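Asker: My structure is in structure_14.txt, and what it holds is compact mmCIF, C-alpha atoms:
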# COMPACT_ATOMS: atom_id res chain seq x y z
CA MET H 1 0.00 0.00 0.00
CA SER H 2 1.44 3.38 -1.01
CA ARG H 3 1.02 6.15 1.52
CA SER H 4 2.13 9.69 0.93
CA VAL H 5 3.47 11.93 3.67
CA VAL H 6 3.67 15.55 2.54
CA LEU H 7 6.24 17.94 3.96
CA LEU H 8 5.10 21.56 4.16
CA GLY H 9 6.70 24.73 5.41
CA GLY H 10 8.09 28.02 4.24
CA PRO H 11 11.58 28.78 2.97
CA ASP H 12 14.39 27.69 5.30
CA SER H 13 12.07 25.72 7.58
CA GLY H 14 14.22 22.56 7.68
CA LYS H 15 12.34 20.17 5.38
CA THR H 16 15.17 19.21 3.03
CA ASN H 17 17.79 18.70 5.74
CA TYR H 18 15.34 16.50 7.62
CA ILE H 19 14.88 14.28 4.55
CA GLY H 20 18.66 14.02 4.17
CA ARG H 21 19.07 13.06 7.83
CA VAL H 22 16.11 10.71 8.16
CA TRP H 23 17.33 8.51 5.31
CA PRO H 24 20.41 7.17 7.15
CA ALA H 25 18.22 6.86 10.26
CA LEU H 26 15.84 4.61 8.31
CA ASP H 27 18.72 2.68 6.78
CA ALA H 28 20.27 2.05 10.23
CA LYS H 29 17.10 0.13 11.24
CA GLN H 30 17.32 1.34 14.82
CA GLY H 31 14.19 3.51 15.00
CA ARG H 32 10.43 3.04 14.98
CA LEU H 33 10.49 2.97 11.18
CA GLN H 34 12.99 0.85 9.28
CA ILE H 35 13.98 0.55 5.66
CA ALA H 36 12.35 -2.60 4.27
CA GLN H 37 13.46 -2.31 0.65
CA GLN H 38 16.15 -0.22 -0.99
CA PRO H 39 14.62 2.60 -3.08
CA ASP H 40 15.33 2.84 -6.80
CA ASP H 41 16.56 6.41 -6.82
CA ILE H 42 17.87 8.30 -3.79
CA ASN H 43 20.35 10.61 -5.53
CA PHE H 44 18.56 13.72 -4.25
CA VAL H 45 18.56 12.43 -0.68
CA LEU H 46 22.19 11.33 -0.84
CA GLU H 47 23.19 14.81 -2.03
CA VAL H 48 21.63 16.32 1.10
CA THR H 49 23.16 13.63 3.33
CA ASP H 50 26.59 14.31 1.80
CA HIS H 51 26.25 17.99 2.67
CA LEU H 52 25.46 17.10 6.27
CA ASN H 53 28.35 14.65 6.47
CA SER H 54 30.70 17.35 5.21
CA GLY H 55 29.70 19.57 8.12
CA SER H 56 27.27 21.91 6.36
CA PHE H 57 23.54 22.15 5.92
CA ALA H 58 22.21 21.63 2.41
CA PRO H 59 21.93 24.87 0.42
CA ARG H 60 18.49 26.30 -0.04
CA SER H 61 16.74 25.12 -3.17
CA GLU H 62 13.61 27.16 -2.59
CA HIS H 63 13.54 28.67 -6.06
CA ALA H 64 13.82 25.34 -7.85
CA ASP H 65 10.74 24.43 -9.87
CA ALA H 66 11.61 20.75 -10.23
CA ARG H 67 10.11 18.32 -7.76
CA ARG H 68 12.49 15.80 -6.25
CA ASP H 69 10.37 13.23 -4.49
CA PHE H 70 11.74 10.68 -2.05
CA GLU H 71 10.05 7.28 -2.06
CA VAL H 72 11.02 4.48 0.29
CA ILE H 73 9.40 1.28 1.56
CA VAL H 74 9.45 0.99 5.33
CA ALA H 75 8.15 -1.25 8.07
CA GLU H 76 7.43 -0.46 11.72
CA GLU H 77 9.49 -3.46 12.79
CA GLU H 78 11.74 -6.13 11.30
CA GLY H 79 9.55 -8.32 9.10
CA GLY H 80 6.47 -6.18 9.76
CA ALA H 81 3.91 -4.96 7.26
CA LYS H 82 5.53 -2.89 4.52
CA THR H 83 4.41 0.60 3.61
CA ALA H 84 5.61 2.63 0.66
CA ILE H 85 6.17 6.18 1.83
CA VAL H 86 6.27 8.90 -0.80
CA ILE H 87 7.64 12.21 0.46
CA PRO H 88 7.29 14.92 -2.18
CA ASP H 89 9.88 17.65 -1.62
CA ILE H 90 7.92 20.72 -2.68
CA SER H 91 9.99 23.81 -2.00
CA GLY H 92 9.08 26.30 0.68
CA GLU H 93 9.14 29.13 -1.83
CA LEU H 94 6.46 27.39 -3.90
CA TRP H 95 4.31 26.80 -0.81
CA LEU H 96 4.74 30.47 0.12
CA ASN H 97 3.67 31.62 -3.34
CA ALA H 98 0.65 29.32 -3.21
CA VAL H 99 -0.47 30.99 0.01
CA LYS H 100 0.24 34.52 -1.26
CA ASN H 101 -1.81 33.90 -4.40
CA SER H 102 -4.59 32.14 -2.46
CA GLU H 103 -4.45 29.16 -4.77
CA ILE H 104 -2.64 25.87 -5.07
CA SER H 105 -1.83 24.08 -8.32
CA SER H 106 -3.93 21.05 -9.27
CA ASP H 107 -1.00 18.61 -9.04
CA TRP H 108 -0.14 19.78 -5.51
CA MET H 109 -3.78 19.55 -4.48
CA ASP H 110 -3.93 16.02 -5.91
CA GLU H 111 -0.81 15.18 -3.89
CA LEU H 112 -2.45 16.48 -0.72
CA ARG H 113 -5.62 14.50 -1.39
CA ARG H 114 -3.60 11.33 -1.88
CA ALA H 115 -1.65 11.88 1.32
CA ASP H 116 -2.35 10.06 4.56
CA GLY H 117 -0.80 12.82 6.63
CA ALA H 118 1.79 15.56 6.71
CA LEU H 119 4.69 17.17 8.51
CA LEU H 120 4.40 20.95 8.92
CA PHE H 121 7.76 22.62 9.60
CA VAL H 122 8.62 25.86 11.38
CA ARG H 123 12.23 26.72 12.23
CA VAL H 124 13.69 28.43 15.27
CA GLY H 125 15.75 31.51 14.41
CA SER H 126 15.27 31.46 10.63
CA ASP H 127 16.32 34.61 8.79
CA GLN H 128 13.35 33.97 6.50
CA ASP H 129 10.90 34.43 9.36
CA VAL H 130 8.51 37.34 8.77
CA ARG H 131 6.88 38.81 11.87
CA PRO H 132 3.57 40.66 11.99
CA LEU H 133 3.95 44.42 12.23
CA ASP H 134 3.42 46.30 15.48
CA TRP H 135 2.35 49.96 15.68
CA VAL H 136 5.94 51.23 15.79
CA THR H 137 7.29 49.22 12.90
CA SER H 138 4.09 49.65 10.89
CA LYS H 139 4.70 53.36 10.44
CA LYS H 140 8.24 52.73 9.22
CA MET H 141 7.12 49.87 7.00
CA MET H 142 4.33 51.87 5.40
CA ALA H 143 6.94 54.45 4.44
CA LYS H 144 8.96 51.70 2.78
CA LEU H 145 5.87 50.42 1.01
CA GLY H 146 5.58 53.83 -0.54
CA ASN H 147 8.94 53.07 -2.16
CA GLY H 148 7.67 49.79 -3.53
CA GLU H 149 9.07 47.45 -0.86
CA ASP H 150 7.04 44.42 0.21
CA PRO H 151 7.20 43.44 3.90
CA GLY H 152 6.18 39.90 3.01
CA LEU H 153 3.52 37.62 4.38
CA ALA H 154 3.81 36.99 8.11
CA THR H 155 5.19 33.48 8.68
CA GLN H 156 2.46 32.47 11.12
CA VAL H 157 -0.22 33.58 8.64
CA MET H 158 1.38 31.41 5.98
CA LEU H 159 1.52 28.44 8.37
CA CYS H 160 -2.16 28.88 9.25
CA GLU H 161 -3.01 28.81 5.55
CA LEU H 162 -0.95 25.67 5.00
CA LEU H 163 -2.83 24.10 7.89
CA ARG H 164 -6.08 25.05 6.17
CA PHE H 165 -4.88 23.36 2.97
CA LEU H 166 -4.37 20.19 4.99
CA GLU H 167 -7.76 20.44 6.70
CA VAL H 168 -9.69 20.62 3.46
CA SER H 169 -7.64 18.13 1.45
CA LEU H 170 -6.29 15.26 3.58
CA ALA H 171 -8.44 12.15 3.52
CA ASP H 172 -9.50 10.27 6.63
CA ARG H 173 -7.30 7.40 7.72
CA PRO H 174 -8.18 3.87 6.52
CA ASP H 175 -9.68 3.12 9.95
CA GLY H 176 -11.90 6.20 9.67
CA GLY H 177 -9.81 8.25 12.06
CA ARG H 178 -8.73 11.83 11.53
CA PRO H 179 -5.66 12.42 9.34
CA ARG H 180 -2.52 13.07 11.36
CA VAL H 181 -0.16 16.03 11.08
CA SER H 182 3.16 16.35 12.89
CA ILE H 183 4.07 19.95 13.73
CA VAL H 184 7.87 19.93 13.59
CA VAL H 185 9.77 22.79 15.23
CA SER H 186 13.21 22.43 13.66
CA ALA H 187 16.54 23.77 14.98
CA TRP H 188 15.21 23.00 18.47
CA ASP H 189 18.81 22.67 19.64
CA MET H 190 19.02 26.48 19.49
CA VAL H 191 16.64 27.06 22.41
CA ASP H 192 17.88 27.41 25.97
CA VAL H 193 17.24 24.94 28.79
CA GLY H 194 14.19 26.82 30.04
CA LYS H 195 12.46 26.89 26.67
CA PHE H 196 13.30 23.24 26.06
CA ALA H 197 11.67 22.28 29.36
CA LYS H 198 8.47 24.13 28.44
CA GLY H 199 8.38 22.38 25.06
CA PRO H 200 7.89 23.38 21.42
CA LYS H 201 4.14 23.96 21.84
CA ALA H 202 4.84 26.65 24.46
CA TYR H 203 7.44 28.13 22.11
CA LEU H 204 4.81 28.41 19.38
CA GLU H 205 2.35 30.00 21.80
CA TYR H 206 4.90 32.72 22.57
CA GLU H 207 6.48 33.25 19.15
CA TYR H 208 3.50 32.49 16.89
CA PRO H 209 0.33 33.03 18.94
CA LEU H 210 -1.93 33.07 15.89
CA LEU H 211 -0.65 29.67 14.78
CA ALA H 212 -0.82 28.24 18.31
CA GLY H 213 -4.43 29.37 18.63
CA ARG H 214 -5.20 27.80 15.29
CA LEU H 215 -3.70 24.50 16.41
CA ASP H 216 -6.04 24.48 19.41
CA ASP H 217 -9.07 25.10 17.19
CA VAL H 218 -8.42 22.40 14.58
CA GLU H 219 -10.99 19.62 14.88
CA ARG H 220 -10.58 17.64 11.68
CA LEU H 221 -6.86 16.86 12.12
CA ASP H 222 -5.02 14.92 14.79
CA LEU H 223 -1.97 17.03 15.69
CA LEU H 224 1.22 16.32 17.61
CA VAL H 225 4.10 18.76 18.15
CA PHE H 226 7.74 17.69 18.00
CA GLY H 227 11.04 19.50 18.42
CA LEU H 228 13.78 18.52 15.97
CA SER H 229 17.55 18.76 15.76
CA VAL H 230 18.90 17.05 12.63
CA VAL H 231 22.53 16.85 13.84
CA GLY H 232 22.40 18.00 17.46
CA GLY H 233 23.73 21.50 16.85
CA ASP H 234 24.14 24.38 14.42
CA LEU H 235 26.72 23.48 11.78
CA LYS H 236 26.99 27.12 10.74
CA VAL H 237 28.10 28.61 14.03
CA ASP H 238 29.12 25.69 16.27
CA PRO H 239 32.65 24.53 15.31
CA ASP H 240 32.59 21.68 17.84
CA CYS H 241 29.43 20.26 16.30
CA ARG H 242 30.82 20.73 12.80
CA ASP H 243 34.12 19.05 13.64
CA ALA H 244 32.34 16.14 15.32
CA VAL H 245 30.18 15.52 12.26
CA GLN H 246 33.13 15.78 9.87
CA GLU H 247 35.19 13.37 11.94
CA GLY H 248 32.54 10.90 13.10
CA GLY H 249 29.67 11.21 10.64
CA LEU H 250 25.96 11.44 11.41
CA GLU H 251 25.49 8.24 13.40
CA GLY H 252 24.23 9.00 16.88
CA ARG H 253 23.70 12.66 16.09
CA GLY H 254 20.38 14.47 16.01
CA TRP H 255 17.25 13.90 18.05
CA VAL H 256 13.55 14.56 18.35
CA ALA H 257 12.03 16.28 21.40
CA VAL H 258 9.02 14.35 22.69
CA GLN H 259 6.85 14.50 25.77
CA ASN H 260 7.10 11.49 28.08
CA SER H 261 4.33 9.91 30.12
CA GLU H 262 5.01 12.34 32.96
CA GLY H 263 4.60 15.35 30.70
CA LYS H 264 8.30 16.22 30.63
CA TRP H 265 10.09 17.00 27.39
CA GLU H 266 13.09 14.83 26.57
CA ARG H 267 15.39 14.00 23.68
CA ASP H 268 14.77 10.83 21.69
CA GLY H 269 17.41 9.72 19.20
CA ASP H 270 14.77 8.23 16.86
CA LEU H 271 14.54 10.75 14.02
CA THR H 272 11.80 8.76 12.30
CA LEU H 273 9.23 9.53 15.03
CA PRO H 274 7.42 12.45 13.30
CA ILE H 275 6.77 10.25 10.25
CA ALA H 276 6.13 7.09 12.25
CA TRP H 277 3.41 8.82 14.26
CA VAL H 278 1.71 10.13 11.10
CA ILE H 279 1.46 6.69 9.46
CA GLY H 280 1.30 4.55 12.61
CA THR H 281 -1.66 2.73 14.06
Just give me the structure as structure tokens.
Answerer:
Amino acid sequence: MSRSVVLLGGPDSGKTNYIGRVWPALDAKQGRLQIAQQPDDINFVLEVTDHLNSGSFAPRSEHADARRDFEVIVAEEEGGAKTAIVIPDISGELWLNAVKNSEISSDWMDELRRADGALLFVRVGSDQDVRPLDWVTSKKMMAKLGNGEDPGLATQVMLCELLRFLEVSLADRPDGGRPRVSIVVSAWDMVDVGKFAKGPKAYLEYEYPLLAGRLDDVERLDLLVFGLSVVGGDLKVDPDCRDAVQEGGLEGRGWVAVQNSEGKWERDGDLTLPIAWVIGT
């Protein structure tokens, strides 16, 4: 059975680097999801993985028009039922333009309708993040608009619209349950100890209150919030992390922040969890 998991998010939200990191995690067969059959073509994924292994994040490909889908057959355990997962890598720039123009192309909409669930990405500290204007900055920004400058669509507005796309398009699960969406807060290694302890949902409530309120109001989707660190640190600014990856590779690096049975947030080394929860029983 082929099941599609769609990755959504704006530019620089962490989607591509996650795909490049989750592949070796699947191949290692140590997580909830395991590779059950080698895919035919993983050149795109290997390119991203090579960037990570070299100690750098993959360059942004947000302006690329070509789709580079990743398809892999997985199982939830050794010898378990096999599921073909198709992850279409649709660029954040294209998702952003779809929201700005209030329309989505027919092939993307067909992809959403075929999907069993989705991962919606938002990144901590992205330089592509656009904040809503306050009264002070509004006056300055309106002056700039007079010179033809565009402040851009607020990131949380875009994320709310992407969530709406999912609400109206995702089909119910085979058992009749609500479709599942993992909200993935990437670069979660950048937050301090206090913010980590409060969890990524609290982070969204503070940084993106409109989105957080929307998450609480969604009735048709089953949502779960994760924090994500693809390599356990920032390869751009952390030389120790970069050196460790270059010398030792990706094995054992990266984690997902999950809430345990006691309600505390902790690191889990299983990078497949956001996908496993979306397709799991």
Asker: Extract, using only C-alpha atoms, all DNA, RNA and protein residues at most 12 Å from H:Tyr208, discarding same-chain residues fewer than 2 positions from it, and format them as a list of chain:residue names.
Answerer: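 These residues fall inside the cut-off: H:Val122, H:Arg123, H:Val124, H:Asp129, H:Val130, H:Arg131, H:Pro132, H:Ala154, H:Thr155, H:Gln156, H:Val157, H:Met158, H:Leu159, H:Cys160, H:Val185, H:Pro200, H:Lys201, H:Ala202, H:Tyr203, H:Leu204, H:Glu205, H:Tyr206, H:Leu210, H:Leu211, H:Ala212, H:Gly213, H:Arg214, H:Leu215.
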Asker: Place a sphere of radius 7 Å on (16.0, 18.7, 16.3) in the file coordinates and name every protein, DNA or RNA residue with an atom inside or on its surface, counting all atoms listed in the file; give the answer as a list in words.
Answerer: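 Residues with an atom close enough to that point: Ser186, Ala187, Trp188, Asp189, Gly227, Leu228, Ser229, Val230, Gly232, Gly254, Trp255, Val256 and Ala257 of chain H.
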Asker: Give me, please, the distance in Å between atom CA of H:Ile275 and atom CA of H:Arg113, quoted to one decimal.
Answerer: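 If I compute the distance from atom CA of H:Ile275 to atom CA of H:Arg113, I get 17.5 Å.
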Asker: So what do you get for atom CA of H:Glu262 versus atom CA of H:Ile183, distance-wise?
Answerer: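 It comes out at 20.7 Å.
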Asker: Can you measure atom CA of H:Glu251 to atom CA of H:Glu71 for me? One decimal in Å is fine.
Answerer: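 Going from atom CA of H:Glu251 over to atom CA of H:Glu71, I get 21.9 Å.
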Asker: I'd like to know which of H:Ala25, H:Leu271, H:Ile279, H:Val231 is closest to H:Gly177, using all atoms listed in the file.
Answerer: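 Looking at the shortest contact to H:Gly177, the residue is H:Ile279.
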Asker: Here is a test: counting all atoms listed in the file, which residue of H:Leu273, H:Cys241, H:Leu7, H:Val278 is nearest to H:Asn53?
Answerer: H:Cys241
Asker: Got a sec: who's within 9 Å of H:Leu250, counting all atoms listed in the file, leaving out chain neighbours fewer than 6 positions off, as a ChimeraX atom specification?
Answerer: /H:21,24,49,52-53,231,244
Asker: Rank nothing, just name the residue among H:Ser182, H:Val258, H:Thr16, H:Glu219 nearest to H:His51, using only C-alpha atoms.
Answerer: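 Ranked by minimum distance to H:His51, first place goes to H:Thr16.
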Asker: Out of H:Asp127, H:Ser56, H:Thr272, H:Val184, which residue has the shortest atom-to-atom distance to H:Lys29 when counting all atoms listed in the file?
Answerer: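 Counting all atoms listed in the file, the residue closest to H:Lys29 is H:Thr272.
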Asker: Between H:Asp27, H:Leu33, H:Ala58, H:Val45, which has the minimum distance to H:Gly14 (counting only C-alpha atoms)?
Answerer: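 Counting only C-alpha atoms, the residue closest to H:Gly14 is H:Ala58.
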Asker: Of the residues H:Ala75, H:Ile42, H:Val48, H:Val6, which is the one nearest to H:Gly20, using all atoms listed in the file?
Answerer: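 Result for the nearest residue to H:Gly20: H:Val48.
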